[in-house]
>>> print(open('protein.csv').read())   # CSV, C-alpha atoms
chain,number,residue,atom,x,y,z
A,54,MET,CA,119.5,127.1,104.7
A,55,ALA,CA,117.5,125.2,102.1
A,56,THR,CA,116.2,122.8,104.7
A,57,LEU,CA,114.8,125.7,106.8
A,58,GLN,CA,113.2,127.2,103.7
A,59,ILE,CA,111.6,124.0,102.5
A,60,ASP,CA,110.3,123.4,106.1
A,61,ARG,CA,108.7,126.9,106.1
A,62,LEU,CA,107.1,126.2,102.7
A,63,LEU,CA,105.7,122.9,103.8
A,64,GLU,CA,104.4,124.4,107.0
A,65,THR,CA,102.7,127.1,105.0
A,66,CYS,CA,101.1,124.5,102.7
A,67,ILE,CA,99.7,122.6,105.8
A,68,LYS,CA,98.5,125.7,107.7
A,69,ARG,CA,96.7,127.1,104.7
A,70,GLY,CA,95.0,123.8,103.9
A,71,ALA,CA,96.6,123.6,100.4
A,72,SER,CA,96.6,120.3,98.5
A,73,ASP,CA,99.8,120.9,96.5
A,74,LEU,CA,102.9,123.0,96.4
A,75,HIS,CA,104.6,123.8,93.1
A,76,LEU,CA,108.2,125.0,92.9
A,77,HIS,CA,109.2,126.4,89.4
A,78,VAL,CA,112.1,128.5,88.2
A,79,GLY,CA,110.8,132.0,87.3
A,80,ARG,CA,107.9,132.0,89.6
A,81,PRO,CA,107.4,132.3,93.4
A,82,PRO,CA,106.4,129.1,95.3
A,83,THR,CA,102.8,128.4,94.4
A,84,LEU,CA,100.0,126.6,96.4
A,85,ARG,CA,96.9,124.9,95.0
A,86,LEU,CA,94.3,126.1,97.4
A,87,HIS,CA,90.8,124.7,97.1
A,88,GLY,CA,91.6,123.8,93.5
A,89,ARG,CA,93.0,127.2,92.5
A,90,LEU,CA,96.7,128.2,92.1
A,91,ARG,CA,97.9,130.9,94.4
A,92,SER,CA,101.5,132.3,94.4
A,93,LEU,CA,103.1,133.0,97.7
A,94,GLU,CA,104.5,136.5,98.4
A,95,THR,CA,108.1,135.5,98.4
A,96,LYS,CA,111.0,135.8,95.9
A,97,VAL,CA,110.8,134.4,92.4
A,98,LEU,CA,112.8,131.1,92.4
A,99,GLU,CA,116.1,130.9,90.6
A,100,PRO,CA,117.6,127.7,89.1
A,101,GLU,CA,119.9,127.3,92.2
A,102,ASP,CA,116.9,127.7,94.5
A,103,THR,CA,115.0,124.7,93.1
A,104,VAL,CA,118.1,122.6,93.0
A,105,ALA,CA,118.8,123.4,96.7
A,106,LEU,CA,115.1,122.7,97.7
A,107,MET,CA,115.2,119.5,95.7
A,108,LYS,CA,118.4,118.3,97.4
A,109,ALA,CA,117.0,119.1,100.9
A,110,ILE,CA,114.2,116.5,100.6
A,111,THR,CA,115.2,114.0,97.8
A,112,PRO,CA,116.8,110.7,98.8
A,113,GLU,CA,120.0,109.7,97.1
A,114,ARG,CA,118.3,106.9,95.1
A,115,ALA,CA,115.7,109.4,93.8
A,116,GLN,CA,118.4,111.9,92.9
A,117,GLN,CA,120.2,109.3,90.9
A,118,GLU,CA,116.9,108.4,89.1
A,119,LEU,CA,116.4,112.1,88.3
A,120,GLN,CA,119.8,112.2,86.7
A,121,GLU,CA,119.3,109.0,84.7
A,122,GLU,CA,115.6,109.3,83.8
A,123,GLY,CA,114.8,113.0,83.9
A,124,GLY,CA,112.3,112.6,86.7
A,125,THR,CA,111.6,110.8,90.0
A,126,ASP,CA,108.7,110.2,92.5
A,127,PHE,CA,109.0,109.6,96.2
A,128,GLY,CA,107.1,110.2,99.5
A,129,PHE,CA,108.3,111.5,102.9
A,130,ALA,CA,106.7,112.2,106.3
A,131,PHE,CA,106.7,115.8,107.6
A,132,GLY,CA,106.5,115.3,111.3
A,133,ASP,CA,103.0,114.3,112.5
A,134,ALA,CA,101.4,116.9,110.2
A,135,GLY,CA,101.2,114.6,107.2
A,136,ARG,CA,103.1,113.1,104.3
A,137,PHE,CA,104.1,114.6,101.0
A,138,ARG,CA,104.2,112.8,97.6
A,139,VAL,CA,106.8,114.5,95.5
A,140,SER,CA,107.4,114.5,91.8
A,141,VAL,CA,110.7,116.1,90.7
A,142,TYR,CA,111.4,116.6,87.0
A,143,HIS,CA,113.4,118.5,84.5
A,144,GLN,CA,111.8,121.2,82.3
A,145,ARG,CA,113.6,123.8,80.1
A,146,GLY,CA,116.8,122.5,81.6
A,147,ASN,CA,115.8,123.4,85.1
A,148,ILE,CA,114.5,121.4,88.2
A,149,SER,CA,110.8,121.7,89.1
A,150,LEU,CA,109.0,120.1,92.0
A,151,ALA,CA,105.3,119.2,92.6
A,152,LEU,CA,104.5,118.2,96.2
A,153,ARG,CA,101.1,116.7,97.1
A,154,LEU,CA,100.0,116.9,100.7
A,155,ILE,CA,98.7,113.6,102.0
A,156,PRO,CA,96.9,114.4,105.4
A,157,SER,CA,97.9,112.1,108.3
A,158,LYS,CA,94.2,111.8,109.2
A,159,LEU,CA,92.2,108.9,107.7
A,160,PHE,CA,88.6,109.8,106.9
A,161,THR,CA,85.3,108.0,107.4
A,162,PHE,CA,82.8,107.2,104.6
A,163,GLU,CA,80.5,109.9,105.9
A,164,GLU,CA,83.2,112.6,105.9
A,165,ILE,CA,84.0,112.1,102.2
A,166,GLY,CA,80.4,111.3,101.2
A,167,LEU,CA,80.8,107.8,99.9
A,168,PRO,CA,77.6,105.9,99.2
A,169,ASN,CA,76.6,103.7,102.2
A,170,ILE,CA,76.5,100.6,100.0
A,171,VAL,CA,80.3,100.7,99.6
A,172,LYS,CA,80.6,99.3,103.1
A,173,ALA,CA,78.7,96.2,102.0
A,174,LEU,CA,80.9,95.9,98.9
A,175,CYS,CA,84.1,96.1,101.1
A,176,ARG,CA,82.9,92.9,102.8
A,177,ARG,CA,82.9,91.0,99.5
A,178,PRO,CA,85.4,88.1,99.6
A,179,LYS,CA,86.7,88.6,96.0
A,180,GLY,CA,86.4,90.8,93.0
A,181,ILE,CA,87.9,94.2,91.8
A,182,PHE,CA,86.7,97.6,92.9
A,183,LEU,CA,88.0,100.5,90.8
A,184,VAL,CA,88.2,104.2,91.9
A,185,THR,CA,88.6,106.4,88.8
A,186,GLY,CA,89.0,110.1,88.0
A,187,PRO,CA,91.6,112.7,86.8
A,188,THR,CA,94.8,113.5,88.6
A,189,GLY,CA,94.0,115.3,91.9
A,190,SER,CA,90.4,114.1,92.2
A,191,GLY,CA,90.9,112.4,95.6
A,192,LYS,CA,91.2,108.8,94.4
A,193,THR,CA,94.0,108.1,96.9
A,194,THR,CA,91.9,109.4,99.8
A,195,THR,CA,88.9,107.3,98.8
A,196,LEU,CA,91.0,104.1,98.5
A,197,ALA,CA,92.6,104.9,101.9
A,198,THR,CA,89.2,105.3,103.5
A,199,MET,CA,88.0,101.9,102.2
A,200,ILE,CA,91.2,100.2,103.3
A,201,ASN,CA,91.0,101.8,106.7
A,202,TYR,CA,87.3,100.6,107.0
A,203,ILE,CA,88.4,97.0,106.3
A,204,ASN,CA,91.4,97.4,108.7
A,205,GLU,CA,89.1,98.6,111.5
A,206,ASN,CA,86.3,96.1,111.1
A,207,PHE,CA,87.7,92.8,109.7
A,208,ASP,CA,90.6,90.4,110.4
A,209,LYS,CA,92.2,90.4,107.0
A,210,HIS,CA,95.7,90.5,105.6
A,211,ILE,CA,95.8,93.7,103.5
A,212,ILE,CA,98.7,94.3,101.0
A,213,THR,CA,99.1,97.6,99.3
A,214,ILE,CA,101.5,98.2,96.4
A,215,GLU,CA,102.1,101.9,95.9
A,216,ASP,CA,104.4,104.3,94.1
A,217,PRO,CA,105.1,106.0,96.5
A,218,ILE,CA,103.3,105.0,99.8
A,219,GLU,CA,100.9,107.8,100.6
A,220,TYR,CA,98.7,107.1,103.6
A,221,TYR,CA,100.3,105.0,106.3
A,222,HIS,CA,98.0,102.3,107.7
A,223,PRO,CA,98.8,101.0,111.2
A,224,HIS,CA,97.8,97.4,112.0
A,225,LYS,CA,94.3,97.4,113.6
A,226,LYS,CA,92.0,94.4,113.4
A,227,SER,CA,93.8,93.5,110.1
A,228,ILE,CA,97.5,93.1,109.3
A,229,VAL,CA,98.6,95.8,106.8
A,230,THR,CA,101.6,95.2,104.6
A,231,GLN,CA,102.6,98.3,102.5
A,232,ARG,CA,105.2,97.8,99.7
A,233,GLU,CA,106.7,100.8,98.0
A,234,VAL,CA,107.8,100.4,94.4
A,235,GLY,CA,111.4,101.4,94.0
A,236,VAL,CA,112.1,100.8,97.7
A,237,ASP,CA,110.6,97.5,98.8
A,238,VAL,CA,110.1,96.0,95.4
A,239,PRO,CA,111.4,97.0,91.9
A,240,SER,CA,108.1,97.3,90.0
A,241,PHE,CA,104.3,96.9,90.2
A,242,ASN,CA,104.6,93.7,88.1
A,243,GLU,CA,107.2,92.1,90.3
A,244,ALA,CA,105.1,93.0,93.4
A,245,LEU,CA,101.9,91.5,91.9
A,246,ARG,CA,103.8,88.4,90.8
A,247,ARG,CA,104.8,87.7,94.4
A,248,VAL,CA,101.8,89.0,96.2
A,249,LEU,CA,99.7,85.8,95.9
A,250,ARG,CA,102.4,83.9,97.9
A,251,MET,CA,102.0,86.3,100.8
A,252,ASP,CA,98.6,85.0,101.9
A,253,PRO,CA,96.6,88.2,101.1
A,254,ASP,CA,92.9,88.7,101.6
A,255,VAL,CA,92.8,92.3,100.2
A,256,ILE,CA,95.2,93.8,97.6
A,257,MET,CA,95.4,97.4,96.8
A,258,VAL,CA,97.3,98.4,93.7
A,259,GLY,CA,98.1,102.1,93.4
A,260,GLU,CA,97.3,102.3,89.7
A,261,LEU,CA,96.4,100.0,86.8
A,262,ARG,CA,99.0,101.7,84.6
A,263,ASP,CA,99.8,99.0,82.0
A,264,LEU,CA,98.7,95.7,80.4
A,265,GLU,CA,100.7,93.5,82.7
A,266,THR,CA,99.4,95.2,85.9
A,267,MET,CA,95.8,94.9,84.6
A,268,GLU,CA,96.2,91.2,83.8
A,269,SER,CA,97.7,90.5,87.3
A,270,ALA,CA,95.0,92.4,89.1
A,271,LEU,CA,92.2,90.6,87.2
A,272,ARG,CA,93.9,87.3,87.9
A,273,ALA,CA,94.2,88.1,91.7
A,274,ALA,CA,90.4,89.0,91.7
A,275,GLU,CA,89.5,85.8,89.9
A,276,THR,CA,91.5,83.6,92.4
A,277,GLY,CA,89.6,84.7,95.5
A,278,HIS,CA,91.0,88.1,96.5
A,279,LEU,CA,89.4,91.5,96.9
A,280,VAL,CA,91.4,94.0,94.8
A,281,PHE,CA,91.2,97.8,94.8
A,282,SER,CA,92.9,100.0,92.3
A,283,THR,CA,92.6,103.3,90.3
A,284,VAL,CA,92.3,104.2,86.6
A,285,HIS,CA,92.6,107.7,85.1
A,286,THR,CA,89.1,107.7,83.5
A,287,THR,CA,86.1,109.9,84.2
A,288,SER,CA,83.1,107.6,83.9
A,289,ALA,CA,82.1,103.9,84.5
A,290,GLN,CA,81.5,103.3,80.8
A,291,GLY,CA,84.9,104.9,79.9
A,292,THR,CA,86.7,102.8,82.5
A,293,ILE,CA,85.5,99.5,81.0
A,294,THR,CA,86.3,100.7,77.5
A,295,ARG,CA,89.8,101.8,78.6
A,296,ILE,CA,90.6,98.4,80.2
A,297,VAL,CA,89.3,96.4,77.3
A,298,ASP,CA,91.2,98.5,74.8
A,299,GLN,CA,94.5,97.9,76.6
A,300,PHE,CA,94.4,94.3,75.4
A,301,PRO,CA,95.1,92.9,71.9
A,302,VAL,CA,92.0,92.5,69.8
A,303,ASN,CA,92.1,88.7,69.9
A,304,GLN,CA,92.0,88.8,73.7
A,305,GLN,CA,89.2,91.5,74.2
A,306,ASN,CA,86.2,89.1,74.3
A,307,GLN,CA,87.9,87.0,77.0
A,308,ILE,CA,88.7,90.2,79.0
A,309,ARG,CA,85.0,91.3,78.7
A,310,ILE,CA,84.0,87.9,80.2
A,311,GLN,CA,86.6,88.3,83.0
A,312,LEU,CA,85.5,91.8,83.8
A,313,SER,CA,81.8,90.8,83.8
A,314,THR,CA,82.5,88.2,86.5
A,315,THR,CA,85.2,90.0,88.6
A,316,LEU,CA,84.3,93.7,88.5
A,317,ILE,CA,82.3,94.7,91.6
A,318,ALA,CA,81.9,98.4,91.2
A,319,VAL,CA,83.4,101.6,89.6
A,320,LEU,CA,83.4,104.8,91.5
A,321,SER,CA,84.4,107.8,89.3
A,322,GLN,CA,85.0,111.1,91.1
A,323,THR,CA,86.1,114.7,90.8
A,324,LEU,CA,86.8,117.4,93.3
A,325,ILE,CA,85.0,120.7,93.0
A,326,PRO,CA,85.5,124.0,95.1
A,327,ARG,CA,82.7,124.5,97.6
A,328,ILE,CA,80.9,127.8,97.8
A,329,ASP,CA,79.1,127.1,101.1
A,330,VAL,CA,82.2,126.5,103.2
A,331,ARG,CA,86.0,126.4,102.5
A,332,GLY,CA,87.5,123.4,100.8
A,333,ARG,CA,86.4,121.1,98.0
A,334,ILE,CA,83.6,118.5,97.7
A,335,ALA,CA,83.6,115.2,95.7
A,336,ALA,CA,81.1,114.6,93.0
A,337,PHE,CA,80.7,110.9,92.2
A,338,GLU,CA,79.5,108.6,89.4
A,339,PHE,CA,78.8,105.2,91.0
A,340,MET,CA,78.1,101.9,89.2
A,341,VAL,CA,77.6,98.6,91.0
A,342,VAL,CA,77.9,95.6,88.7
A,343,THR,CA,74.5,93.9,88.8
A,344,ASN,CA,73.6,90.9,86.6
A,345,ALA,CA,72.2,93.4,84.0
A,346,ILE,CA,75.4,95.4,83.8
A,347,ALA,CA,77.5,92.2,83.8
A,348,ASN,CA,75.6,91.2,80.7
A,349,LEU,CA,76.2,94.6,79.0
A,350,ILE,CA,80.0,94.2,79.6
A,351,ARG,CA,80.0,90.7,78.3
A,352,GLU,CA,78.0,91.6,75.2
A,353,ASN,CA,80.1,94.7,74.5
A,354,LYS,CA,77.1,97.0,75.0
A,355,VAL,CA,78.8,99.4,77.3
A,356,TYR,CA,77.0,102.4,75.7
A,357,ARG,CA,73.9,101.2,77.5
A,358,ILE,CA,75.6,101.4,81.0
A,359,PRO,CA,74.5,105.0,81.7
A,360,SER,CA,70.8,104.1,81.4
A,361,SER,CA,71.4,101.1,83.7
A,362,ILE,CA,73.0,103.4,86.2
A,363,GLN,CA,70.0,105.7,86.1
A,364,THR,CA,67.7,102.7,86.9
A,365,GLY,CA,70.0,101.4,89.7
A,366,LYS,CA,68.9,103.8,92.4
A,367,LYS,CA,68.3,101.0,94.9
A,368,PHE,CA,72.0,100.3,94.8
A,369,GLU,CA,72.8,104.0,95.2
A,370,MET,CA,74.0,104.2,91.6
A,371,ARG,CA,74.1,107.6,90.0
A,372,LEU,CA,75.6,109.4,87.0
A,373,LEU,CA,78.1,112.2,87.6
A,374,ASP,CA,75.8,114.8,86.1
A,375,GLU,CA,73.0,113.8,88.5
A,376,HIS,CA,75.2,114.4,91.5
A,377,LEU,CA,76.5,117.7,90.0
A,378,PHE,CA,72.9,118.8,89.6
A,379,GLN,CA,72.1,117.9,93.3
A,380,LEU,CA,75.2,119.8,94.6
A,381,VAL,CA,74.2,122.9,92.6
A,382,VAL,CA,70.6,122.8,93.8
A,383,GLU,CA,71.8,122.3,97.4
A,384,GLY,CA,74.0,125.5,97.1
A,385,LYS,CA,77.3,123.6,97.6
A,386,ILE,CA,79.0,124.3,94.3
A,387,ASP,CA,78.9,127.0,91.6
A,388,VAL,CA,77.0,126.3,88.3
A,389,LYS,CA,80.1,127.2,86.3
A,390,ASP,CA,82.3,124.6,88.1
A,391,ALA,CA,79.5,122.0,87.7
A,392,LEU,CA,79.3,122.6,84.0
A,393,ASP,CA,83.1,122.4,83.6
A,394,GLN,CA,83.0,118.9,85.1
A,395,ALA,CA,79.8,117.6,83.5
A,396,HIS,CA,79.8,114.9,80.9
A,397,GLU,CA,76.9,116.6,79.1
A,398,PRO,CA,77.1,120.3,80.1
A,399,SER,CA,74.3,121.6,77.9
A,400,ALA,CA,71.9,119.0,79.2
A,401,LEU,CA,72.9,119.9,82.8
A,402,GLN,CA,72.5,123.6,82.1
A,403,GLN,CA,69.0,123.1,80.8
A,404,LYS,CA,68.1,120.9,83.8
A,405,ILE,CA,69.4,123.6,86.2
A,406,GLU,CA,67.4,126.3,84.4
A,407,ALA,CA,64.3,124.2,84.4
A,408,TYR,CA,64.7,123.7,88.2
A,409,ARG,CA,65.1,127.4,88.8
A,410,LYS,CA,61.9,128.1,86.9
A,411,GLY,CA,60.1,125.5,89.0
A,412,GLN,CA,59.5,123.2,86.0
A,413,ILE,CA,61.2,120.3,87.8
A,414,THR,CA,61.9,119.5,91.5
A,415,LEU,CA,64.8,117.8,93.1
A,416,PRO,CA,63.9,114.1,93.4
A,417,GLN,CA,63.9,112.6,96.9
A,418,ARG,CA,66.7,110.1,96.9
A,419,GLU,CA,65.6,106.9,98.5
A,420,GLU,CA,68.9,105.1,98.1
A,421,ALA,CA,70.0,105.7,101.7
A,422,ALA,CA,67.1,103.7,103.1
A,423,GLU,CA,67.5,101.0,100.5
A,424,ALA,CA,71.2,100.7,101.2
A,425,GLN,CA,70.6,100.5,104.9
A,426,ASN,CA,68.3,97.5,104.3
A,427,GLN,CA,71.0,95.8,102.1
A,428,GLN,CA,74.1,96.5,104.2
A,429,GLU,CA,73.8,93.3,106.2
A,430,ASP,CA,72.6,91.2,103.2
A,431,THR,CA,74.7,91.7,100.1
A,432,THR,CA,73.5,88.5,98.3
A,433,VAL,CA,71.4,90.6,95.9
A,434,LEU,CA,74.6,92.0,94.5
A,435,ARG,CA,76.3,88.6,94.0
A,436,ARG,CA,76.4,87.1,90.6
>>> encode(input="protein.csv", output="structure tokens")
Amino acid sequence: MATLQIDRLLETCIKRGASDLHLHVGRPPTLRLHGRLRSLETKVLEPEDTVALMKAITPERAQQELQEEGGTDFGFAFGDAGRFRVSVYHQRGNISLALRLIPSKLFTFEEIGLPNIVKALCRRPKGIFLVTGPTGSGKTTTLATMINYINENFDKHIITIEDPIEYYHPHKKSIVTQREVGVDVPSFNEALRRVLRMDPDVIMVGELRDLETMESALRAAETGHLVFSTVHTTSAQGTITRIVDQFPVNQQNQIRIQLSTTLIAVLSQTLIPRIDVRGRIAAFEFMVVTNAIANLIRENKVYRIPSSIQTGKKFEMRLLDEHLFQLVVEGKIDVKDALDQAHEPSALQQKIEAYRKGQITLPQREEAAEAQNQQEDTTVLRR
């Protein structure tokens, strides 16, 4: 009976275009629809309901981990409609579940609005590319889009290390090896320790969640591999500070030097409900590590990075607040939502008001043309 019920809930999630399904005792099943929580018109869940729903989808090993650790994460395929990433956990003595829908469709750069120059950066032979943002900001989809682009266009060996596997990548022009932590390998660190013996060209690490993982990822980037990963930060400047601060003080200068030579780019993103059509749109902050920015990282002058991003238009660099302003002016997002996500909401509000009074105009962005010229020749980005 629980299987039928969970199937119906998952089908509802897919049909309505929800990103998440929450199952909590004392509340009806709840969808996250275009960023907002919406309860389904069904019964309020009892403790035995969430236990039955959990057992209907949770593998034995994960149920054991739930008992021992108080929580577990896993993924499963739901027919051809998509995959779900599941977090099961105890709260107030009851079982709760959060299920994230991972669509089966892989997107293109154009569909998710990635800067054109990212294609050129995906052709780099080595270095580290970080996608950052809060939970639920679409980092996984952006990473999957870049991995799929490499898979379709280049003959590489791509290895992904994920917890759990979210998007499935079939072999195309590349070979894709996907290792799931807890299933194929016991930990991120163990996977990264062994990955260099597997003849990889491209390595995707689901998350740089601790010091050892960061060290291993930086080492892989230094030794001639292209590494992609995520960090839970909201800006390019904050990402560098977060990584450096993870290390002991006596190692931080060395890490700044390593980052200045291995970091390719930081793409910080957030998802915002659209007002022009249904769904959500990504707002990006994008930094390409040029010689000037590499020097700022090395010399511990990261506070000057935002002004370098502002002057990096020819590499399609932009600050998050600039993109939010553009999306508001184009009528794609609501002012309130933009201000909620802005790094400097009062400055953004003033800029929007000045635009509406005709005191400033929307600058014509010339990055697309610049990027087109540089797509075939990325030497200008090499250090």
>>> closest_residue(input="protein.csv", among="A:Ala335, A:Ile214, A:Val342, A:Leu93", to="Phe162 (chain A)", atoms="all atoms listed in the file")
A:Ala335
>>> closest_residue(input="protein.csv", among="A:Glu233, A:Val171, A:Glu64, A:Glu243", to="Glu369 (chain A)", atoms="all atoms listed in the file")
A:Val171
>>> closest_residue(input="protein.csv", among="A:Arg153, A:Lys179, A:Arg295, A:Lys96", to="Leu74 (chain A)", atoms="all atoms listed in the file")
A:Arg153
>>> closest_residue(input="protein.csv", among="A:Val78, A:Pro178, A:Val382, A:Ile212", to="Thr315 (chain A)", atoms="all atoms listed in the file")
A:Pro178
>>> closest_residue(input="protein.csv", among="A:Leu150, A:Ile296, A:Val184, A:Leu84", to="Val104 (chain A)", atoms="all atoms listed in the file")
A:Leu150
>>> closest_residue(input="protein.csv", among="A:Phe207, A:Tyr220, A:Phe368, A:Phe182", to="Ala289 (chain A)", atoms="all atoms listed in the file")
A:Phe182
>>> residues_near_point(input="protein.csv", point="(100.2, 89.8, 93.7)", cutoff="9 Å", atoms="only C-alpha atoms", output="list of chain:residue names")
A:Ile212, A:Ile214, A:Phe241, A:Asn242, A:Glu243, A:Ala244, A:Leu245, A:Arg246, A:Arg247, A:Val248, A:Leu249, A:Arg250, A:Met251, A:Pro253, A:Ile256, A:Ser269, A:Ala270, A:Arg272, A:Ala273
>>> residues_around(input="protein.csv", residues="Phe339 (chain A)", least_positions_apart="2", cutoff="8 Å", atoms="only C-alpha atoms", output="mmCIF file with C-alpha atoms, in the coordinates of the input")
data_model
loop_
_atom_site.group_PDB
_atom_site.id
_atom_site.type_symbol
_atom_site.label_atom_id
_atom_site.label_comp_id
_atom_site.auth_asym_id
_atom_site.auth_seq_id
_atom_site.Cartn_x
_atom_site.Cartn_y
_atom_site.Cartn_z
ATOM 1 C CA ALA A 289 82.100 103.900 84.500
ATOM 2 C CA ALA A 318 81.900 98.400 91.200
ATOM 3 C CA VAL A 319 83.400 101.600 89.600
ATOM 4 C CA LEU A 320 83.400 104.800 91.500
ATOM 5 C CA SER A 321 84.400 107.800 89.300
ATOM 6 C CA PHE A 337 80.700 110.900 92.200
ATOM 7 C CA VAL A 341 77.600 98.600 91.000
ATOM 8 C CA ILE A 362 73.000 103.400 86.200
ATOM 9 C CA GLU A 369 72.800 104.000 95.200
ATOM 10 C CA MET A 370 74.000 104.200 91.600
ATOM 11 C CA ARG A 371 74.100 107.600 90.000
ATOM 12 C CA LEU A 372 75.600 109.400 87.000
ATOM 13 C CA LEU A 373 78.100 112.200 87.600
#
>>> atom_distance(input="protein.csv", atom1="CA of Ile67 (chain A)", atom2="CA of Val97 (chain A)")
21.0 Å
>>> atom_distance(input="protein.csv", atom1="CA of Ala109 (chain A)", atom2="CA of Thr193 (chain A)")
25.8 Å
>>> atom_distance(input="protein.csv", atom1="CA of Val234 (chain A)", atom2="CA of Gln144 (chain A)")
24.4 Å
>>> residues_around(input="protein.csv", residues="Phe378 (chain A)", least_positions_apart="2", cutoff="10 Å", atoms="all atoms listed in the file", output="ChimeraX atom specification")
/A:336,373-376,380-383,386,388,391-392,395,401-402,404-405,408,415
>>> residues_around(input="protein.csv", residues="Asn348 (chain A)", least_positions_apart="6", cutoff="10 Å", atoms="all atoms listed in the file", output="PyMOL selection string")
chain A and resi 309-310+313-314+342+354-355
>>> build_atoms(input="protein.csv", residues="region 313-326 of chain A", atoms="N, CA, C and O atoms", output="PDB file, in the coordinates of the input")
ATOM      1  N   SER A 313      83.234  90.986  83.474  1.00  0.00           N
ATOM      2  CA  SER A 313      81.800  90.800  83.800  1.00  0.00           C
ATOM      3  C   SER A 313      81.654  89.950  85.088  1.00  0.00           C
ATOM      4  O   SER A 313      80.676  90.080  85.823  1.00  0.00           O
ATOM      5  N   THR A 314      82.641  89.083  85.338  1.00  0.00           N
ATOM      6  CA  THR A 314      82.500  88.200  86.500  1.00  0.00           C
ATOM      7  C   THR A 314      83.327  88.703  87.718  1.00  0.00           C
ATOM      8  O   THR A 314      83.023  88.330  88.848  1.00  0.00           O
ATOM      9  N   THR A 315      84.351  89.546  87.470  1.00  0.00           N
ATOM     10  CA  THR A 315      85.200  90.000  88.600  1.00  0.00           C
ATOM     11  C   THR A 315      84.945  91.406  89.051  1.00  0.00           C
ATOM     12  O   THR A 315      85.177  91.729  90.222  1.00  0.00           O
ATOM     13  N   LEU A 316      84.480  92.288  88.151  1.00  0.00           N
ATOM     14  CA  LEU A 316      84.300  93.700  88.500  1.00  0.00           C
ATOM     15  C   LEU A 316      83.124  93.837  89.493  1.00  0.00           C
ATOM     16  O   LEU A 316      82.023  93.356  89.212  1.00  0.00           O
ATOM     17  N   ILE A 317      83.359  94.490  90.637  1.00  0.00           N
ATOM     18  CA  ILE A 317      82.300  94.700  91.600  1.00  0.00           C
ATOM     19  C   ILE A 317      81.639  96.055  91.424  1.00  0.00           C
ATOM     20  O   ILE A 317      80.418  96.170  91.424  1.00  0.00           O
ATOM     21  N   ALA A 318      82.469  97.096  91.267  1.00  0.00           N
ATOM     22  CA  ALA A 318      81.900  98.400  91.200  1.00  0.00           C
ATOM     23  C   ALA A 318      82.970  99.382  90.588  1.00  0.00           C
ATOM     24  O   ALA A 318      84.178  99.114  90.640  1.00  0.00           O
ATOM     25  N   VAL A 319      82.486 100.500  90.027  1.00  0.00           N
ATOM     26  CA  VAL A 319      83.400 101.600  89.600  1.00  0.00           C
ATOM     27  C   VAL A 319      82.841 102.873  90.218  1.00  0.00           C
ATOM     28  O   VAL A 319      81.662 103.205  90.092  1.00  0.00           O
ATOM     29  N   LEU A 320      83.743 103.565  90.922  1.00  0.00           N
ATOM     30  CA  LEU A 320      83.400 104.800  91.500  1.00  0.00           C
ATOM     31  C   LEU A 320      84.267 105.912  90.857  1.00  0.00           C
ATOM     32  O   LEU A 320      85.475 105.945  91.042  1.00  0.00           O
ATOM     33  N   SER A 321      83.640 106.732  90.006  1.00  0.00           N
ATOM     34  CA  SER A 321      84.400 107.800  89.300  1.00  0.00           C
ATOM     35  C   SER A 321      84.116 109.103  90.087  1.00  0.00           C
ATOM     36  O   SER A 321      82.974 109.392  90.445  1.00  0.00           O
ATOM     37  N   GLN A 322      85.164 109.877  90.305  1.00  0.00           N
ATOM     38  CA  GLN A 322      85.000 111.100  91.100  1.00  0.00           C
ATOM     39  C   GLN A 322      85.776 112.254  90.624  1.00  0.00           C
ATOM     40  O   GLN A 322      86.743 112.103  89.874  1.00  0.00           O
ATOM     41  N   THR A 323      85.343 113.424  91.039  1.00  0.00           N
ATOM     42  CA  THR A 323      86.100 114.700  90.800  1.00  0.00           C
ATOM     43  C   THR A 323      85.890 115.579  91.958  1.00  0.00           C
ATOM     44  O   THR A 323      84.886 115.477  92.664  1.00  0.00           O
ATOM     45  N   LEU A 324      86.864 116.443  92.222  1.00  0.00           N
ATOM     46  CA  LEU A 324      86.800 117.400  93.300  1.00  0.00           C
ATOM     47  C   LEU A 324      86.458 118.774  92.825  1.00  0.00           C
ATOM     48  O   LEU A 324      87.063 119.236  91.856  1.00  0.00           O
ATOM     49  N   ILE A 325      85.507 119.443  93.475  1.00  0.00           N
ATOM     50  CA  ILE A 325      85.000 120.700  93.000  1.00  0.00           C
ATOM     51  C   ILE A 325      85.072 121.726  94.195  1.00  0.00           C
ATOM     52  O   ILE A 325      84.688 121.371  95.314  1.00  0.00           O
ATOM     53  N   PRO A 326      85.524 122.988  93.959  1.00  0.00           N
ATOM     54  CA  PRO A 326      85.500 124.000  95.100  1.00  0.00           C
ATOM     55  C   PRO A 326      84.121 124.197  95.594  1.00  0.00           C
ATOM     56  O   PRO A 326      83.153 124.305  94.836  1.00  0.00           O
TER      57      PRO A 326
END
